[in-house]
Each structure stands twice: as C-alpha cells, then as structure tokens.
>>> print(open('upload-v2.cif').read())   # mmCIF, C-alpha atoms
data_input
loop_
_atom_site.label_atom_id
_atom_site.label_comp_id
_atom_site.auth_asym_id
_atom_site.auth_seq_id
_atom_site.Cartn_x
_atom_site.Cartn_y
_atom_site.Cartn_z
CA MET A 41 39.40 -8.76 29.35
CA LYS A 42 36.44 -10.54 27.76
CA GLU A 43 33.11 -8.75 28.05
CA GLN A 44 31.50 -11.87 29.56
CA SER A 45 33.86 -11.60 32.51
CA TYR A 46 31.36 -9.15 33.98
CA ILE A 47 28.84 -11.00 36.13
CA LEU A 48 26.00 -9.24 34.32
CA GLY A 49 27.66 -8.67 30.95
CA THR A 50 27.98 -5.31 29.20
CA ASP A 51 25.12 -5.37 26.69
CA GLU A 52 22.39 -2.76 26.20
CA GLU A 53 20.17 -4.36 28.83
CA GLU A 54 22.93 -4.08 31.41
CA LEU A 55 23.70 -0.53 30.31
CA PHE A 56 20.09 0.35 31.16
CA ARG A 57 20.22 -1.53 34.48
CA LEU A 58 23.36 0.38 35.45
CA GLY A 59 21.54 3.60 34.59
CA VAL A 60 18.72 2.64 36.94
CA GLN A 61 21.24 1.73 39.62
CA HIS A 62 23.05 5.05 39.21
CA GLN A 63 19.82 7.01 39.63
CA VAL A 64 19.23 5.26 42.95
CA TRP A 65 22.75 5.90 44.22
CA ALA A 66 23.65 9.20 42.50
CA GLU A 67 22.81 11.32 45.54
CA GLU A 68 25.11 9.20 47.70
CA ALA A 69 27.95 9.53 45.19
CA GLN A 70 27.53 13.29 45.05
CA GLN A 71 27.45 13.50 48.84
CA GLY A 72 30.72 11.55 48.98
CA TRP A 73 32.37 13.88 46.49
CA ARG A 74 31.27 16.88 48.55
CA ASN A 75 32.56 15.24 51.71
CA ALA A 76 35.95 14.82 50.03
CA ASN A 77 35.82 18.36 48.57
CA PHE A 78 36.31 17.29 44.96
CA ARG A 79 36.42 20.57 43.05
CA PRO A 80 37.34 22.39 39.82
CA GLY A 81 40.90 22.05 38.57
CA GLN A 82 41.51 18.64 40.10
CA THR A 83 42.40 15.39 38.37
CA ILE A 84 40.21 12.56 39.65
CA LEU A 85 40.49 8.84 38.94
CA ASP A 86 37.23 6.93 38.47
CA LEU A 87 38.38 3.38 39.14
CA GLY A 88 36.08 0.79 37.56
CA CYS A 89 34.09 3.50 35.83
CA GLY A 90 31.82 1.18 33.83
CA PRO A 91 29.93 3.17 31.18
CA GLY A 92 30.87 6.38 32.97
CA TYR A 93 27.71 7.67 34.61
CA CYS A 94 29.78 8.95 37.54
CA THR A 95 32.73 9.88 35.32
CA LYS A 96 30.54 12.33 33.43
CA GLU A 97 29.33 14.00 36.62
CA LEU A 98 32.84 14.17 38.04
CA ALA A 99 34.06 15.83 34.84
CA PHE A 100 31.50 18.60 35.29
CA ILE A 101 32.82 19.07 38.83
CA THR A 102 36.51 19.19 37.85
CA GLY A 103 35.70 21.59 34.99
CA GLU A 104 37.75 22.80 32.06
CA GLU A 105 40.93 23.18 34.09
CA GLY A 106 40.71 19.69 35.59
CA GLY A 107 39.81 16.27 34.32
CA VAL A 108 38.78 12.70 35.06
CA ILE A 109 40.53 9.45 34.23
CA GLY A 110 38.02 6.64 33.78
CA VAL A 111 39.41 3.09 33.90
CA ASP A 112 37.48 -0.06 33.05
CA LYS A 113 38.19 -3.51 31.62
CA SER A 114 35.20 -3.40 29.26
CA LYS A 115 35.80 -2.17 25.71
CA ASN A 116 32.07 -1.57 25.34
CA TYR A 117 31.93 0.69 28.37
CA ILE A 118 35.07 2.62 27.43
CA ALA A 119 33.66 3.18 23.94
CA PHE A 120 30.43 4.45 25.48
CA LEU A 121 32.38 6.77 27.77
CA ASN A 122 34.40 8.17 24.90
CA LYS A 123 31.17 9.02 23.09
CA THR A 124 29.85 10.73 26.19
CA ALA A 125 33.03 12.78 26.61
CA LYS A 126 32.88 13.90 22.99
CA GLN A 127 29.18 14.71 23.11
CA PHE A 128 29.47 16.92 26.21
CA HIS A 129 32.99 18.27 25.47
CA LEU A 130 34.35 16.96 28.77
CA ASN A 131 37.96 16.46 29.86
CA ILE A 132 37.82 12.69 30.26
CA GLU A 133 40.59 10.23 29.55
CA ALA A 134 38.99 6.80 29.10
CA ILE A 135 41.39 3.89 29.61
CA HIS A 136 40.66 0.28 28.72
CA ALA A 137 42.69 -1.83 31.16
CA ASN A 138 42.58 -4.49 33.80
CA PHE A 139 43.43 -3.11 37.23
CA ASP A 140 46.40 -5.47 37.44
CA ASP A 141 47.88 -3.89 34.29
CA LEU A 142 47.00 -0.33 35.19
CA GLU A 143 49.85 2.19 35.11
CA LEU A 144 49.42 5.55 36.82
CA LYS A 145 51.86 8.45 37.03
CA THR A 146 53.28 9.01 40.50
CA SER A 147 51.72 11.94 42.43
CA SER A 148 49.44 12.85 39.54
CA LEU A 149 45.99 12.51 41.14
CA ASP A 150 44.02 14.83 43.42
CA GLY A 151 41.48 12.15 44.23
CA MET A 152 39.92 8.82 43.40
CA TYR A 153 36.36 7.52 43.30
CA CYS A 154 35.49 3.84 43.25
CA ARG A 155 32.03 2.21 43.45
CA TRP A 156 31.34 -1.54 43.32
CA ALA A 157 34.67 -2.40 41.73
CA LEU A 158 36.82 -3.71 44.58
CA ALA A 159 34.19 -6.34 45.48
CA TRP A 160 34.83 -8.12 42.18
CA ILE A 161 38.62 -8.38 42.11
CA PRO A 162 40.81 -10.92 43.96
CA LYS A 163 43.58 -8.55 45.10
CA PRO A 164 42.09 -5.15 45.99
CA LYS A 165 44.98 -4.21 48.29
CA GLU A 166 47.52 -4.42 45.47
CA VAL A 167 45.33 -2.29 43.21
CA LEU A 168 44.78 0.32 45.90
CA ARG A 169 48.52 0.43 46.56
CA LYS A 170 49.01 1.54 42.93
CA VAL A 171 46.45 4.28 43.40
CA VAL A 172 48.08 5.49 46.62
CA ALA A 173 51.37 5.93 44.76
CA ALA A 174 49.57 8.03 42.15
CA LEU A 175 47.86 10.28 44.71
CA LYS A 176 49.34 13.59 45.75
CA PRO A 177 49.90 14.15 49.50
CA GLY A 178 46.57 15.10 51.04
CA ALA A 179 44.58 13.65 48.15
CA LYS A 180 41.45 11.71 49.04
CA MET A 181 39.81 8.45 48.04
CA VAL A 182 36.04 8.06 48.09
CA ILE A 183 35.03 4.41 48.05
CA HIS A 184 31.50 3.01 48.00
CA GLU A 185 31.32 -0.75 48.53
CA TYR A 186 29.17 -3.44 50.09
CA TYR A 187 29.52 -3.87 53.85
CA ASP A 188 26.93 -6.65 54.16
CA TRP A 189 25.30 -8.00 51.01
CA GLY A 190 23.54 -10.62 53.13
CA VAL A 191 21.08 -8.20 54.73
CA LEU A 192 19.17 -8.19 51.43
CA GLN A 193 15.69 -9.54 52.18
CA THR A 194 12.04 -9.05 51.34
CA GLU A 195 8.94 -8.41 53.42
CA PRO A 196 6.89 -10.51 53.25
CA GLN A 197 9.37 -13.29 52.59
CA LYS A 198 8.78 -15.52 49.58
CA GLU A 199 10.17 -19.06 49.63
CA ASN A 200 11.64 -19.24 46.14
CA LEU A 201 12.70 -15.61 45.98
CA THR A 202 14.48 -15.94 49.33
CA LYS A 203 16.28 -19.07 48.11
CA ALA A 204 17.41 -17.31 44.92
CA ILE A 205 18.77 -14.37 46.93
CA LYS A 206 20.71 -16.74 49.19
CA GLN A 207 22.11 -18.62 46.20
CA ALA A 208 23.18 -15.35 44.58
CA LEU A 209 25.15 -14.51 47.72
CA LYS A 210 26.63 -18.00 47.77
CA SER A 211 27.86 -17.54 44.20
CA PHE A 212 29.68 -14.39 45.31
CA LYS A 213 31.15 -16.02 48.40
CA ASP A 214 32.39 -18.95 46.31
CA SER A 215 34.38 -16.62 44.05
CA ASP A 216 37.98 -15.49 44.55
CA SER A 217 36.88 -11.96 45.50
CA GLU A 218 35.20 -10.58 48.63
CA ILE A 219 31.69 -9.22 48.10
CA ASP A 220 31.67 -7.51 51.53
CA ILE A 221 34.99 -5.78 50.97
CA GLY A 222 33.71 -2.60 52.63
CA ARG A 223 34.11 -4.02 56.11
CA TYR A 224 37.80 -4.81 55.49
CA LEU A 225 38.80 -1.59 53.74
CA PRO A 226 39.62 0.48 56.86
CA LYS A 227 42.37 -1.96 57.80
CA ILE A 228 43.62 -2.30 54.22
CA LEU A 229 43.74 1.45 53.65
CA SER A 230 45.55 2.09 56.91
CA GLU A 231 48.18 -0.47 55.97
CA ILE A 232 48.98 1.26 52.68
CA GLY A 233 49.42 4.80 53.95
CA MET A 234 45.90 6.21 54.01
CA LYS A 235 44.11 7.84 56.94
CA ILE A 236 40.38 7.17 57.32
CA VAL A 237 38.61 10.55 57.60
CA GLY A 238 35.07 9.44 56.80
CA PHE A 239 32.98 6.32 57.44
CA ARG A 240 29.30 6.51 56.49
CA PRO A 241 26.83 3.61 56.33
CA MET A 242 24.35 3.77 53.47
CA ALA A 243 21.13 1.76 53.55
CA LYS A 244 18.01 1.88 51.41
CA ILE A 245 14.63 0.19 51.73
CA ALA A 246 12.67 -0.23 48.53
CA THR A 247 8.89 -0.25 48.19
CA PRO A 248 6.88 -0.83 45.01
CA ASN A 249 5.97 2.86 45.03
CA ASN A 250 9.48 4.30 45.08
CA GLY A 251 12.27 4.30 42.53
CA VAL A 252 14.61 2.30 44.73
CA TRP A 253 12.53 -0.81 43.93
CA GLN A 254 13.88 -0.91 40.39
CA TRP A 255 17.43 -1.46 41.67
CA PRO A 256 16.95 -4.90 43.27
CA LYS A 257 14.24 -5.80 40.76
CA THR A 258 16.42 -5.34 37.69
CA PHE A 259 19.32 -7.11 39.41
CA PHE A 260 17.16 -10.15 40.23
CA GLN A 261 15.82 -10.29 36.69
CA SER A 262 19.31 -10.17 35.21
CA TYR A 263 21.33 -12.28 37.65
CA PHE A 264 19.02 -15.10 38.71
CA PRO A 265 18.96 -16.67 35.21
CA ARG A 266 22.77 -16.67 35.21
CA LEU A 267 22.74 -18.86 38.31
CA VAL A 268 21.36 -21.73 36.23
CA SER A 269 24.55 -22.18 34.20
CA GLN A 270 26.53 -21.87 37.44
CA ASN A 271 24.49 -24.73 38.95
CA TYR A 272 23.16 -22.71 41.86
CA LEU A 273 19.53 -22.76 40.69
CA SER A 274 17.39 -24.69 38.23
CA THR A 275 15.42 -23.02 35.46
CA THR A 276 12.21 -23.82 37.31
CA GLU A 277 13.53 -22.27 40.53
CA VAL A 278 14.43 -19.07 38.68
CA GLN A 279 10.99 -18.90 37.08
CA LEU A 280 9.30 -19.37 40.47
CA ALA A 281 11.54 -16.74 42.11
CA LEU A 282 10.79 -14.15 39.43
CA GLN A 283 7.09 -15.00 39.61
CA GLU A 284 7.18 -14.34 43.34
CA LEU A 285 8.98 -11.04 42.66
CA GLU A 286 6.03 -10.00 40.49
CA GLU A 287 3.63 -11.04 43.24
CA LEU A 288 5.65 -9.11 45.81
CA GLU A 289 5.47 -5.96 43.72
CA LYS A 290 1.66 -6.17 43.80
CA THR A 291 1.49 -6.83 47.55
CA ASP A 292 0.30 -4.01 49.82
CA GLY A 293 2.98 -3.01 52.31
CA ALA A 294 5.75 -4.98 50.57
CA SER A 295 9.38 -3.89 50.90
CA ILE A 296 12.91 -4.95 50.08
CA CYS A 297 15.73 -4.21 52.49
CA THR A 298 18.67 -3.73 50.14
CA CYS A 299 22.35 -4.52 50.72
CA LEU A 300 24.15 -2.45 53.34
CA MET A 301 26.68 -0.14 51.75
CA VAL A 302 29.48 1.91 53.27
CA GLU A 303 31.26 5.08 52.23
CA LEU A 304 34.93 5.30 53.14
CA ILE A 305 36.87 8.51 52.67
CA ALA A 306 40.61 8.20 53.13
CA GLU A 307 43.35 10.81 52.88
CA LYS A 308 46.93 10.17 51.80
CA ILE A 309 49.24 10.81 54.71
#
>>> encode(input="upload-v2.cif", output="structure tokens")
Amino acid sequence: MKEQSYILGTDEEELFRLGVQHQVWAEEAQQGWRNANFRPGQTILDLGCGPGYCTKELAFITGEEGGVIGVDKSKNYIAFLNKTAKQFHLNIEAIHANFDDLELKTSSLDGMYCRWALAWIPKPKEVLRKVVAALKPGAKMVIHEYYDWGVLQTEPQKENLTKAIKQALKSFKDSDSEIDIGRYLPKILSEIGMKIVGFRPMAKIATPNNGVWQWPKTFFQSYFPRLVSQNYLSTTEVQLALQELEELEKTDGASICTCLMVELIAEKI
C-alpha cells in the first residue's frame, strides 16, 4: 500500500489536482446520488474515496443518524479525511485498506458510491462481489467510470500533445487493469446479483474560458512527466507536449473533448 502506487501520487500537488477534478465532476456525482435516492439515515460506502471530497458531501446527505464509510489504500488520504470528519463533525469512518483486504459486514450498507477506482484495479468483479454481500436488499450502487478514455482529443490537434495523449492511454492499456471498465460493468454487475436501473453517459468539452479546462490541463501536467520513467515518452517530448498545451490554451476557438464517462446505478436484487 505504498503511496507511490497511485499513478499520480498522493502529495499536496495531487491533492489540489483532485480538488480541481472534483469541482468539474461534483454536479454529476450529486445527480447520481439523487438518482439513487441517497438520503438521511443511510450508511453509504465510498469505495476508493481518495482524500474524501465526495465522502464529505455524502456525510452531509446521510446526516447525524446515518454515516459514510470511506475506504482508500492511501494513508495520506485517509489522514486527510479523518481531519475533515473531525473539523466538520461528520459521521465518517475512514478505513485504510486495499480493496483485496477489505472486510465489510454482511447486509450493513444502504448504498455505495465509487468514482475512478475500479479502472485501476486488476480484479474489479471480486471487489464488487464483496460490496454486494454487504448491501441490504434493494440497496443501490452508483458507479462513475470511464467508458472510452480514447475519445480524449484537442481541437486544433497538436502533434506532440496528441502523441503524449496516445502514449498515456497506451500506458493504461499495458497495465493489468482496464481503464474503460465502464463499458463492461453492466455485464459484471448482472453476474453478481445486481439489476441495472440507470445508465447515463457523461461527456464534457473544455474550452480555455471554462473551468472544465483545468481538469485535463492539470492531468497532462502531472502525468506526462511520469511517462518518461515508464519509457513511453522522452523528456524532450514531454516538454514539447506541455509547450503545445500552453499554445492551445491561447488559441481562439480551442477545445478539449474529454474522456467519455458513464454513470451506472445498480440495485441489489
């Protein structure tokens, strides 16, 4: 459970980037929770909670009579979440654990939320099976994951920036996890006793004049340099790609089509 096992680390810079990312996707998360009717008095699992930006909001929803269990493999993030829970007097149980080692009480959960966690683990079906056993009958999962990371592209296209984006995707595809897990989840969930009750595509196009731009921008700035040590890019190629990103941001009419996401809501049969 080393901190460097995260593809972007867990330092203060990444904490900020995750905050930017959450601001872009917070409305989608809240819409998913409403769609699943998460409400006061419930116990909700936030699987792969990270520093707990969603955990905090869920705890306000579940209220004093309910609570949220936040699970993450990063000690740094769990420590941050514990501070947040104490500061805002929220009913949050923060658990430091790998998903493979996670133990959940049978029929103890009213719901689960998971965002960008299943794409980074090699055996998502086994992890989800544990969660299903912990859900009460009728409880719902809300899952937000990539459906097609490869649609990420810029307009106008830039040679070095386009290459860096393609190499980033290749690094994901070469791993032992599935970056586009969202397209396979309906079948997986059906096989483990869940009924799909919601399927919502989520797409965003960023322009230099809207806040969405900061999401791909901060990801590129953080992840491209890491591709050097992985032998997907050279230092010069990273420098040229980030230079083109700066140029793109100053280009009239520029845009970035971000990764296609999907919301799956599943109910325990």
>>> atom_distance(input="upload-v2.cif", atom1="CA of Glu104 in chain A", atom2="CA of Lys126 in chain A")
13.6 Å
>>> residues_around(input="upload-v2.cif", residues="Val278 in chain A", least_positions_apart="5", cutoff="10 Å", atoms="only C-alpha atoms", output="list of chain:residue names")
A:Asn200, A:Leu201, A:Lys203, A:Ala204, A:Phe260, A:Gln261, A:Tyr263, A:Phe264, A:Pro265, A:Arg266, A:Leu267, A:Val268, A:Tyr272, A:Leu273, A:Gln283, A:Glu284
>>> closest_residue(input="upload-v2.cif", among="A:Leu285, A:Val171, A:Ala119, A:Met234", to="Ser147 in chain A", atoms="only C-alpha atoms")
A:Val171
>>> atom_distance(input="upload-v2.cif", atom1="CA of Val172 in chain A", atom2="CA of Phe212 in chain A")
27.1 Å
>>> residues_around(input="upload-v2.cif", residues="range 251-257 of chain A", least_positions_apart="5", cutoff="6 Å", atoms="all atoms listed in the file", output="list in words")
Gln61, Val64 and Ala246 of chain A
>>> write_last_selection(input="upload-v2.cif", atoms="C-alpha atoms", output="compact mmCIF listing (two decimals), in the frame of the given file")
# COMPACT_ATOMS: atom_id res chain seq x y z
CA GLN A 61 21.24 1.73 39.62
CA VAL A 64 19.23 5.26 42.95
CA ALA A 246 12.67 -0.23 48.53
>>> closest_residue(input="upload-v2.cif", among="A:Lys198, A:Arg155, A:Lys145, A:Lys213", to="Ala294 in chain A", atoms="all atoms listed in the file")
A:Lys198
>>> closest_residue(input="upload-v2.cif", among="A:Gly88, A:Gly151, A:Pro196, A:Gly222", to="Lys308 in chain A", atoms="only C-alpha atoms")
A:Gly151
>>> closest_residue(input="upload-v2.cif", among="A:Met152, A:Glu54, A:Glu195, A:Lys123", to="Leu98 in chain A", atoms="only C-alpha atoms")
A:Met152
>>> atom_distance(input="upload-v2.cif", atom1="CA of Thr247 in chain A", atom2="CA of Glu68 in chain A")
18.8 Å
>>> decode(input="upload-v2.cif", residues="range 73-116 of chain A", atoms="N, CA and C atoms", output="tab-separated table (two decimals), in the first residue's frame")
chain	number	residue	atom	x	y	z
A	73	TRP	N	-26.28	10.64	-6.94
A	73	TRP	CA	-26.79	10.34	-5.60
A	73	TRP	C	-28.30	10.59	-5.53
A	74	ARG	N	-28.74	11.65	-6.21
A	74	ARG	CA	-30.19	11.91	-6.25
A	74	ARG	C	-30.91	10.82	-7.02
A	75	ASN	N	-30.31	10.39	-8.12
A	75	ASN	CA	-30.92	9.33	-8.92
A	75	ASN	C	-31.08	8.04	-8.12
A	76	ALA	N	-30.14	7.80	-7.21
A	76	ALA	CA	-30.19	6.59	-6.37
A	76	ALA	C	-30.95	6.82	-5.06
A	77	ASN	N	-31.40	8.06	-4.85
A	77	ASN	CA	-32.15	8.42	-3.64
A	77	ASN	C	-31.35	8.18	-2.36
A	78	PHE	N	-30.07	8.52	-2.38
A	78	PHE	CA	-29.30	8.52	-1.14
A	78	PHE	C	-29.90	9.59	-0.23
A	79	ARG	N	-30.05	9.26	1.06
A	79	ARG	CA	-30.83	10.15	1.93
A	79	ARG	C	-30.38	10.02	3.39
A	80	PRO	N	-30.92	10.89	4.26
A	80	PRO	CA	-30.56	10.87	5.68
A	80	PRO	C	-30.87	9.51	6.32
A	81	GLY	N	-29.99	9.12	7.25
A	81	GLY	CA	-30.17	7.89	8.00
A	81	GLY	C	-29.53	6.67	7.37
A	82	GLN	N	-29.06	6.80	6.14
A	82	GLN	CA	-28.45	5.67	5.47
A	82	GLN	C	-26.97	5.54	5.80
A	83	THR	N	-26.43	4.34	5.56
A	83	THR	CA	-25.00	4.10	5.65
A	83	THR	C	-24.50	3.84	4.24
A	84	ILE	N	-23.60	4.70	3.78
A	84	ILE	CA	-23.11	4.65	2.40
A	84	ILE	C	-21.61	4.35	2.40
A	85	LEU	N	-21.19	3.46	1.52
A	85	LEU	CA	-19.78	3.18	1.32
A	85	LEU	C	-19.23	4.03	0.19
A	86	ASP	N	-18.15	4.75	0.44
A	86	ASP	CA	-17.43	5.48	-0.60
A	86	ASP	C	-16.18	4.68	-0.90
A	87	LEU	N	-16.25	3.88	-1.96
A	87	LEU	CA	-15.18	2.94	-2.30
A	87	LEU	C	-14.11	3.65	-3.13
A	88	GLY	N	-12.87	3.67	-2.60
A	88	GLY	CA	-11.81	4.42	-3.27
A	88	GLY	C	-12.02	5.91	-3.07
A	89	CYS	N	-12.19	6.31	-1.83
A	89	CYS	CA	-12.63	7.66	-1.50
A	89	CYS	C	-11.57	8.73	-1.73
A	90	GLY	N	-10.29	8.32	-1.88
A	90	GLY	CA	-9.24	9.33	-2.01
A	90	GLY	C	-9.22	10.23	-0.78
A	91	PRO	N	-9.00	11.54	-0.98
A	91	PRO	CA	-8.98	12.45	0.17
A	91	PRO	C	-10.35	12.75	0.75
A	92	GLY	N	-11.41	12.26	0.09
A	92	GLY	CA	-12.73	12.35	0.70
A	92	GLY	C	-13.58	13.53	0.29
A	93	TYR	N	-13.34	14.10	-0.88
A	93	TYR	CA	-14.17	15.22	-1.31
A	93	TYR	C	-15.64	14.80	-1.45
A	94	CYS	N	-15.87	13.61	-2.00
A	94	CYS	CA	-17.24	13.10	-2.10
A	94	CYS	C	-17.73	12.56	-0.75
A	95	THR	N	-16.83	11.96	0.01
A	95	THR	CA	-17.20	11.41	1.31
A	95	THR	C	-17.81	12.49	2.20
A	96	LYS	N	-17.19	13.64	2.19
A	96	LYS	CA	-17.69	14.77	2.99
A	96	LYS	C	-19.11	15.14	2.57
A	97	GLU	N	-19.34	15.26	1.28
A	97	GLU	CA	-20.66	15.65	0.80
A	97	GLU	C	-21.70	14.57	1.10
A	98	LEU	N	-21.30	13.32	0.96
A	98	LEU	CA	-22.22	12.22	1.28
A	98	LEU	C	-22.60	12.22	2.76
A	99	ALA	N	-21.63	12.58	3.60
A	99	ALA	CA	-21.89	12.59	5.05
A	99	ALA	C	-22.91	13.68	5.42
A	100	PHE	N	-22.91	14.78	4.68
A	100	PHE	CA	-23.93	15.80	4.92
A	100	PHE	C	-25.30	15.28	4.48
A	101	ILE	N	-25.32	14.45	3.43
A	101	ILE	CA	-26.58	13.88	2.96
A	101	ILE	C	-27.12	12.86	3.95
A	102	THR	N	-26.27	11.96	4.43
A	102	THR	CA	-26.73	10.90	5.34
A	102	THR	C	-27.06	11.43	6.73
A	103	GLY	N	-26.47	12.57	7.11
A	103	GLY	CA	-26.85	13.27	8.34
A	103	GLY	C	-26.38	12.61	9.62
A	104	GLU	N	-26.90	13.12	10.72
A	104	GLU	CA	-26.47	12.67	12.04
A	104	GLU	C	-26.90	11.24	12.33
A	105	GLU	N	-27.99	10.80	11.73
A	105	GLU	CA	-28.49	9.45	12.00
A	105	GLU	C	-27.88	8.41	11.06
A	106	GLY	N	-27.17	8.85	10.05
A	106	GLY	CA	-26.54	7.94	9.12
A	106	GLY	C	-25.03	8.09	9.17
A	107	GLY	N	-24.37	7.66	8.12
A	107	GLY	CA	-22.92	7.78	8.10
A	107	GLY	C	-22.33	7.29	6.80
A	108	VAL	N	-21.05	7.56	6.62
A	108	VAL	CA	-20.33	7.16	5.41
A	108	VAL	C	-19.06	6.42	5.80
A	109	ILE	N	-18.79	5.34	5.10
A	109	ILE	CA	-17.54	4.60	5.27
A	109	ILE	C	-16.66	4.90	4.06
A	110	GLY	N	-15.54	5.57	4.30
A	110	GLY	CA	-14.62	5.88	3.23
A	110	GLY	C	-13.43	4.93	3.24
A	111	VAL	N	-13.17	4.27	2.13
A	111	VAL	CA	-12.09	3.28	2.06
A	111	VAL	C	-11.08	3.70	1.00
A	112	ASP	N	-9.81	3.71	1.38
A	112	ASP	CA	-8.76	4.03	0.41
A	112	ASP	C	-7.45	3.39	0.86
A	113	LYS	N	-6.57	3.12	-0.11
A	113	LYS	CA	-5.30	2.47	0.20
A	113	LYS	C	-4.20	3.47	0.57
A	114	SER	N	-4.51	4.77	0.49
A	114	SER	CA	-3.51	5.79	0.81
A	114	SER	C	-3.63	6.26	2.25
A	115	LYS	N	-2.56	6.12	3.00
A	115	LYS	CA	-2.54	6.63	4.38
A	115	LYS	C	-2.72	8.15	4.39
A	116	ASN	N	-2.08	8.81	3.43
A	116	ASN	CA	-2.17	10.27	3.37
A	116	ASN	C	-3.62	10.72	3.19
